[in-house]
There are 2 protein chains.
Amino acid sequence: MHKAKPGPLVIVGGAEDKTGDCVILSEFLRLAGGAKADLVVMTVATELPREVGDEYAHVFGRLGAHNVRCLHVARREDANDPAAVDAISAASGVFFTGGNQLRVTSLLGGTAIDACLHERHRTGMVLAGTSAGAAMMSAIMITEGSSEANPRLNLVEKSPGMGFVPEIVIDQHFAQRGRLNRLLTVIAEHPGYLGVGIDENTAIVVVDGAIEVIGENAVTIIDARAMTYTNLNGPGQDHNLALYGIQLHILPAGHRFDLRRHTPVLLNEAEAGTSEGE
Amino acid sequence: MHKAKPGPLVIVGGAEDKTGDCVILSEFLRLAGGAKADLVVMTVATELPREVGDEYAHVFGRLGAHNVRCLHVARREDANDPAAVDAISAASGVFFTGGNQLRVTSLLGGTAIDACLHERHRTGMVLAGTSAGAAMMSAIMITEGSSEANPRLNLVEKSPGMGFVPEIVIDQHFAQRGRLNRLLTVIAEHPGYLGVGIDENTAIVVVDGAIEVIGENAVTIIDARAMTYTNLNGPGQDHNLALYGIQLHILPAGHRFDLRRHTPVLLNEAEAGTSEGE
């Protein structure tokens, strides 16, 4: 029996280039079939769906896509509309814009579109999202959290995400907004998950149990599986966390991480040198 | 033969409390002898030596110090003044204020005060510094560096420091200014050094080859000795660094780190619980 493979996920740290080479958006388009792609732009996260949708439709058109459709979900019934489900069913690639990740989960969760997205992705459809559209990919989704403070449980708010990539927790705008300590806090609480902090104009492509980095900046991987001590289970939410033995990796474009073995994939210098940076 | 021990170092991440309990400044005063302490406030780093010096003299007086003297070094000859050297020679504790760390090295380096400070510290004098006065303690001193960017060699400027604690590189205002990636960059270049990022109103006390954390927030320890790969030696200064296998520890007040074994000291829960937080 032929078993379908899940489609690639393209998870973008926000603020991706839309006017230059568009390395990230081009790669999404290429994976979805290039000129033959059938794209759907999901604007559910944003409160400006027309403007944001039009902008992406314009960019994807400029990059060579012939079929781009925007799907606006403003109410839960929109996400059960058979025409919307048909659009997702026919798509080779679906792109989620930025906005508020809780709009994604609250408007799509448990709807026909939700089921269709999971089913189509499981059988090969390419799924992408930027910023809020990146955050919602995790099973555990960060919804709020201050930067510029040391790790504490009450530093960060989290919620169940859409679970397209269940083994990782994503944070976006990562270096640009100094978000290490909020991601560290979540990963210390859930050390079975891998923390993946994605910088702006940078993305991970998840395929075949591995992450590949593309784009301008870098991805920070936080692995707490070997953590030797934490005081996290003390009383209250506002004490300063002690975390011993966290593993950290910084991966720029061209570098890969094996999600099964929890290690970066050592590339030879020709592959992993400085030339693939942009 | 009796061998004198080096005095404790109190290295402060900046913005320490000067109006409340003053946990950090009190601990410095206690180590230097309490009411019997003979304190010198070194204002060399700041361009407002009178104002800053007066403020610390006032605080230390309020905390119970009877002998506090400010030493202003505005030109290199001030640092060779025999009266200034006598003051350092007689001091039980010397405190360096914030300002610009390059003022410290350029005005004191190679002077009589420089030699006297090292000799007195080697034989037991307590030495403290905050902000720029903390940065200069290292052998490698960070002088400039942007936050909010992924690690790249040209992200950070560094200089030789005063070398009171030769095995570590210090960064200050650490979580508050999101400085992980600039410290990571320096440590990746010099993996034999331990990176110590100190938050505001937080300090490390270095004594007997160990660090103890005191104060409000936390200290981030970066250990790159076990780093398995970096592309750092590629051409140029502006490529995105890849760093595999960095070890990270977060230590709030009450936690200790063994500088010889490069590991946090596992405390029992009674010692390392949440009660020592403030």
# chains A, B, ... in the order shown; residues from 1 in each chain; ligands from 1
>>> residues_around(residues="Leu63 (chain B)", least_positions_apart="3", cutoff="8 Å", atoms="only C-alpha atoms", output="PyMOL selection string")
chain B and resi 26+59-60
>>> residues_around(residues="Glu167 (chain A)", least_positions_apart="2", cutoff="9 Å", atoms="only C-alpha atoms", output="ChimeraX atom specification")
/A:138-139,163,165,169,192-194,259
>>> write_last_selection(atoms="C-alpha atoms", output="compact mmCIF listing (two decimals), in the first residue's frame")
# COMPACT_ATOMS: atom_id res chain seq x y z
CA SER A 138 3.20 24.15 17.49
CA ALA A 139 1.19 22.01 19.87
CA GLY A 163 -0.27 21.04 16.35
CA VAL A 165 4.51 20.15 14.19
CA VAL A 169 7.55 24.99 20.42
CA GLY A 192 10.22 16.90 25.89
CA TYR A 193 9.57 19.64 23.35
CA LEU A 194 12.31 21.30 21.39
CA LEU A 259 14.30 16.19 15.05
>>> closest_residue(among="B:Phe257, B:Val207, B:Ala149, B:Leu183", to="chain A", atoms="only C-alpha atoms")
B:Ala149
>>> interface_residues(of="chain B", to="chain A", cutoff="9 Å", atoms="only C-alpha atoms", output="mmCIF file with C-alpha atoms, in the first residue's frame")
data_model
loop_
_atom_site.group_PDB
_atom_site.id
_atom_site.type_symbol
_atom_site.label_atom_id
_atom_site.label_comp_id
_atom_site.auth_asym_id
_atom_site.auth_seq_id
_atom_site.Cartn_x
_atom_site.Cartn_y
_atom_site.Cartn_z
ATOM 1 C CA SER B 147 21.428 43.421 20.582
ATOM 2 C CA GLU B 148 18.515 42.080 18.585
ATOM 3 C CA ALA B 149 20.676 40.364 15.969
ATOM 4 C CA ASN B 150 21.875 36.797 15.546
ATOM 5 C CA PRO B 151 25.537 35.993 16.276
ATOM 6 C CA PHE B 174 22.101 41.066 30.352
ATOM 7 C CA ALA B 175 18.430 40.035 30.095
ATOM 8 C CA GLN B 176 17.318 43.671 30.216
ATOM 9 C CA ARG B 177 19.209 44.495 27.018
ATOM 10 C CA GLY B 178 18.891 41.073 25.317
ATOM 11 C CA ARG B 179 22.631 40.532 25.088
ATOM 12 C CA LEU B 180 22.803 36.755 24.674
ATOM 13 C CA ASN B 181 23.941 36.800 21.071
ATOM 14 C CA ASP B 199 21.213 40.891 34.907
ATOM 15 C CA GLU B 216 17.093 40.339 42.196
ATOM 16 C CA ASN B 217 17.293 38.609 38.811
ATOM 17 C CA ALA B 218 19.610 35.958 37.331
ATOM 18 C CA VAL B 219 22.965 35.142 35.792
ATOM 19 C CA THR B 220 23.270 33.357 32.443
ATOM 20 C CA THR B 228 30.921 20.505 18.361
ATOM 21 C CA TYR B 229 30.961 22.786 15.312
ATOM 22 C CA ASN B 231 31.705 28.089 10.891
ATOM 23 C CA LEU B 232 33.365 31.003 12.700
ATOM 24 C CA GLY B 234 35.082 31.271 7.460
ATOM 25 C CA PRO B 235 36.098 34.383 5.514
ATOM 26 C CA GLY B 236 34.954 37.818 6.630
ATOM 27 C CA HIS B 239 28.508 35.955 7.996
ATOM 28 C CA ASN B 240 25.888 34.358 10.210
ATOM 29 C CA LEU B 241 27.548 32.152 12.801
ATOM 30 C CA ALA B 242 26.544 28.537 13.215
ATOM 31 C CA LEU B 243 27.211 27.246 16.733
ATOM 32 C CA TYR B 244 26.438 23.646 17.688
ATOM 33 C CA GLY B 245 26.372 22.340 21.244
ATOM 34 C CA ILE B 246 26.591 25.369 23.530
ATOM 35 C CA GLN B 247 25.825 24.697 27.199
ATOM 36 C CA LEU B 248 23.613 27.240 28.985
ATOM 37 C CA HIS B 249 22.789 27.625 32.674
ATOM 38 C CA ILE B 250 20.461 30.124 34.349
ATOM 39 C CA LEU B 251 21.342 30.821 37.979
ATOM 40 C CA PRO B 252 19.313 33.094 40.256
ATOM 41 C CA ALA B 253 20.307 34.178 43.773
ATOM 42 C CA HIS B 255 22.955 29.338 43.179
ATOM 43 C CA THR B 263 29.400 23.088 36.406
ATOM 44 C CA PRO B 264 26.679 24.511 38.598
ATOM 45 C CA LEU B 266 23.882 21.202 42.897
ATOM 46 C CA GLU B 269 16.260 22.142 47.905
ATOM 47 C CA ALA B 272 18.317 26.352 46.386
ATOM 48 C CA GLY B 273 14.551 26.605 46.688
ATOM 49 C CA THR B 274 12.529 29.666 45.962
ATOM 50 C CA SER B 275 12.988 31.305 49.325
ATOM 51 C CA GLY B 277 14.682 34.972 45.669
ATOM 52 C CA GLU B 278 13.784 38.522 46.387
#
>>> select_by_dssp(residues="region 114-200 of chain A", states="helix (DSSP H, G or I)", output="list in words")
Asp114, Ala115, Cys116, Leu117, His118, Glu119, Arg120, His121, Arg122, Ala132, Gly133, Ala134, Ala135, Leu153, Asn154, Leu155, Leu180, Asn181, Arg182, Leu183, Leu184, Thr185, Val186, Ile187, Ala188 and Glu189 of chain A
>>> atom_distance(atom1="CA of Arg256 (chain B)", atom2="CA of Ile211 (chain B)")
5.4 Å
>>> residues_around(residues="Tyr56 (chain A)", least_positions_apart="3", cutoff="9 Å", atoms="only C-alpha atoms", output="JSON, numbers by chain")
{"A": [18, 41, 51, 52, 53, 59, 60, 61, 68, 70, 97]}
>>> closest_residue(among="A:Val126, A:Thr143, A:Arg225, A:Asn80", to="Val206 (chain A)", atoms="only C-alpha atoms")
A:Val126
>>> atom_distance(atom1="CA of Gly124 (chain A)", atom2="CA of Ala4 (chain A)")
6.7 Å
>>> closest_residue(among="B:Ala83, B:Ala91, B:Leu71, B:Ala37", to="Thr123 (chain B)", atoms="only C-alpha atoms")
B:Ala91
>>> residues_around(residues="Ser106 (chain B)", least_positions_apart="2", cutoff="12 Å", atoms="only C-alpha atoms", output="ChimeraX atom specification")
/B:44-45,73-77,79,100-104,108-111,114,136,159-162
>>> write_last_selection(atoms="C-alpha atoms", output="PDB file, in the first residue's frame")
ATOM      1  CA  VAL B  44      37.200  56.623  36.736  1.00  0.00           C
ATOM      2  CA  ALA B  45      34.597  55.124  34.361  1.00  0.00           C
ATOM      3  CA  VAL B  73      41.008  59.684  38.044  1.00  0.00           C
ATOM      4  CA  ALA B  74      40.524  62.077  35.156  1.00  0.00           C
ATOM      5  CA  ARG B  75      44.061  61.868  33.710  1.00  0.00           C
ATOM      6  CA  ARG B  76      46.702  59.134  33.792  1.00  0.00           C
ATOM      7  CA  GLU B  77      48.878  61.156  36.162  1.00  0.00           C
ATOM      8  CA  ALA B  79      46.571  57.236  38.687  1.00  0.00           C
ATOM      9  CA  ASN B 100      32.654  53.586  30.006  1.00  0.00           C
ATOM     10  CA  GLN B 101      34.907  50.559  30.498  1.00  0.00           C
ATOM     11  CA  LEU B 102      37.495  51.934  28.060  1.00  0.00           C
ATOM     12  CA  ARG B 103      38.012  54.888  30.412  1.00  0.00           C
ATOM     13  CA  VAL B 104      38.986  52.378  33.110  1.00  0.00           C
ATOM     14  CA  LEU B 108      44.467  53.032  34.773  1.00  0.00           C
ATOM     15  CA  GLY B 109      46.305  50.508  32.585  1.00  0.00           C
ATOM     16  CA  GLY B 110      49.995  50.294  33.503  1.00  0.00           C
ATOM     17  CA  THR B 111      49.786  52.927  36.275  1.00  0.00           C
ATOM     18  CA  ASP B 114      46.689  49.397  38.431  1.00  0.00           C
ATOM     19  CA  MET B 136      36.458  45.656  32.985  1.00  0.00           C
ATOM     20  CA  SER B 159      39.217  44.847  24.133  1.00  0.00           C
ATOM     21  CA  PRO B 160      41.567  43.532  26.786  1.00  0.00           C
ATOM     22  CA  GLY B 161      40.109  44.193  30.239  1.00  0.00           C
ATOM     23  CA  MET B 162      41.801  44.579  33.619  1.00  0.00           C
TER      24      MET B 162
END
>>> atom_distance(atom1="CA of Met125 (chain B)", atom2="CA of Val186 (chain B)")
29.5 Å
>>> select_by_dssp(residues="region 48-243 of chain A", states="strand (DSSP E or B)", output="number ranges by chain")
A: 67-71, 93-96, 126-130, 138, 140-145, 156-160, 165, 168-172, 194-198, 202-207, 210-215, 218-223, 229-230, 243
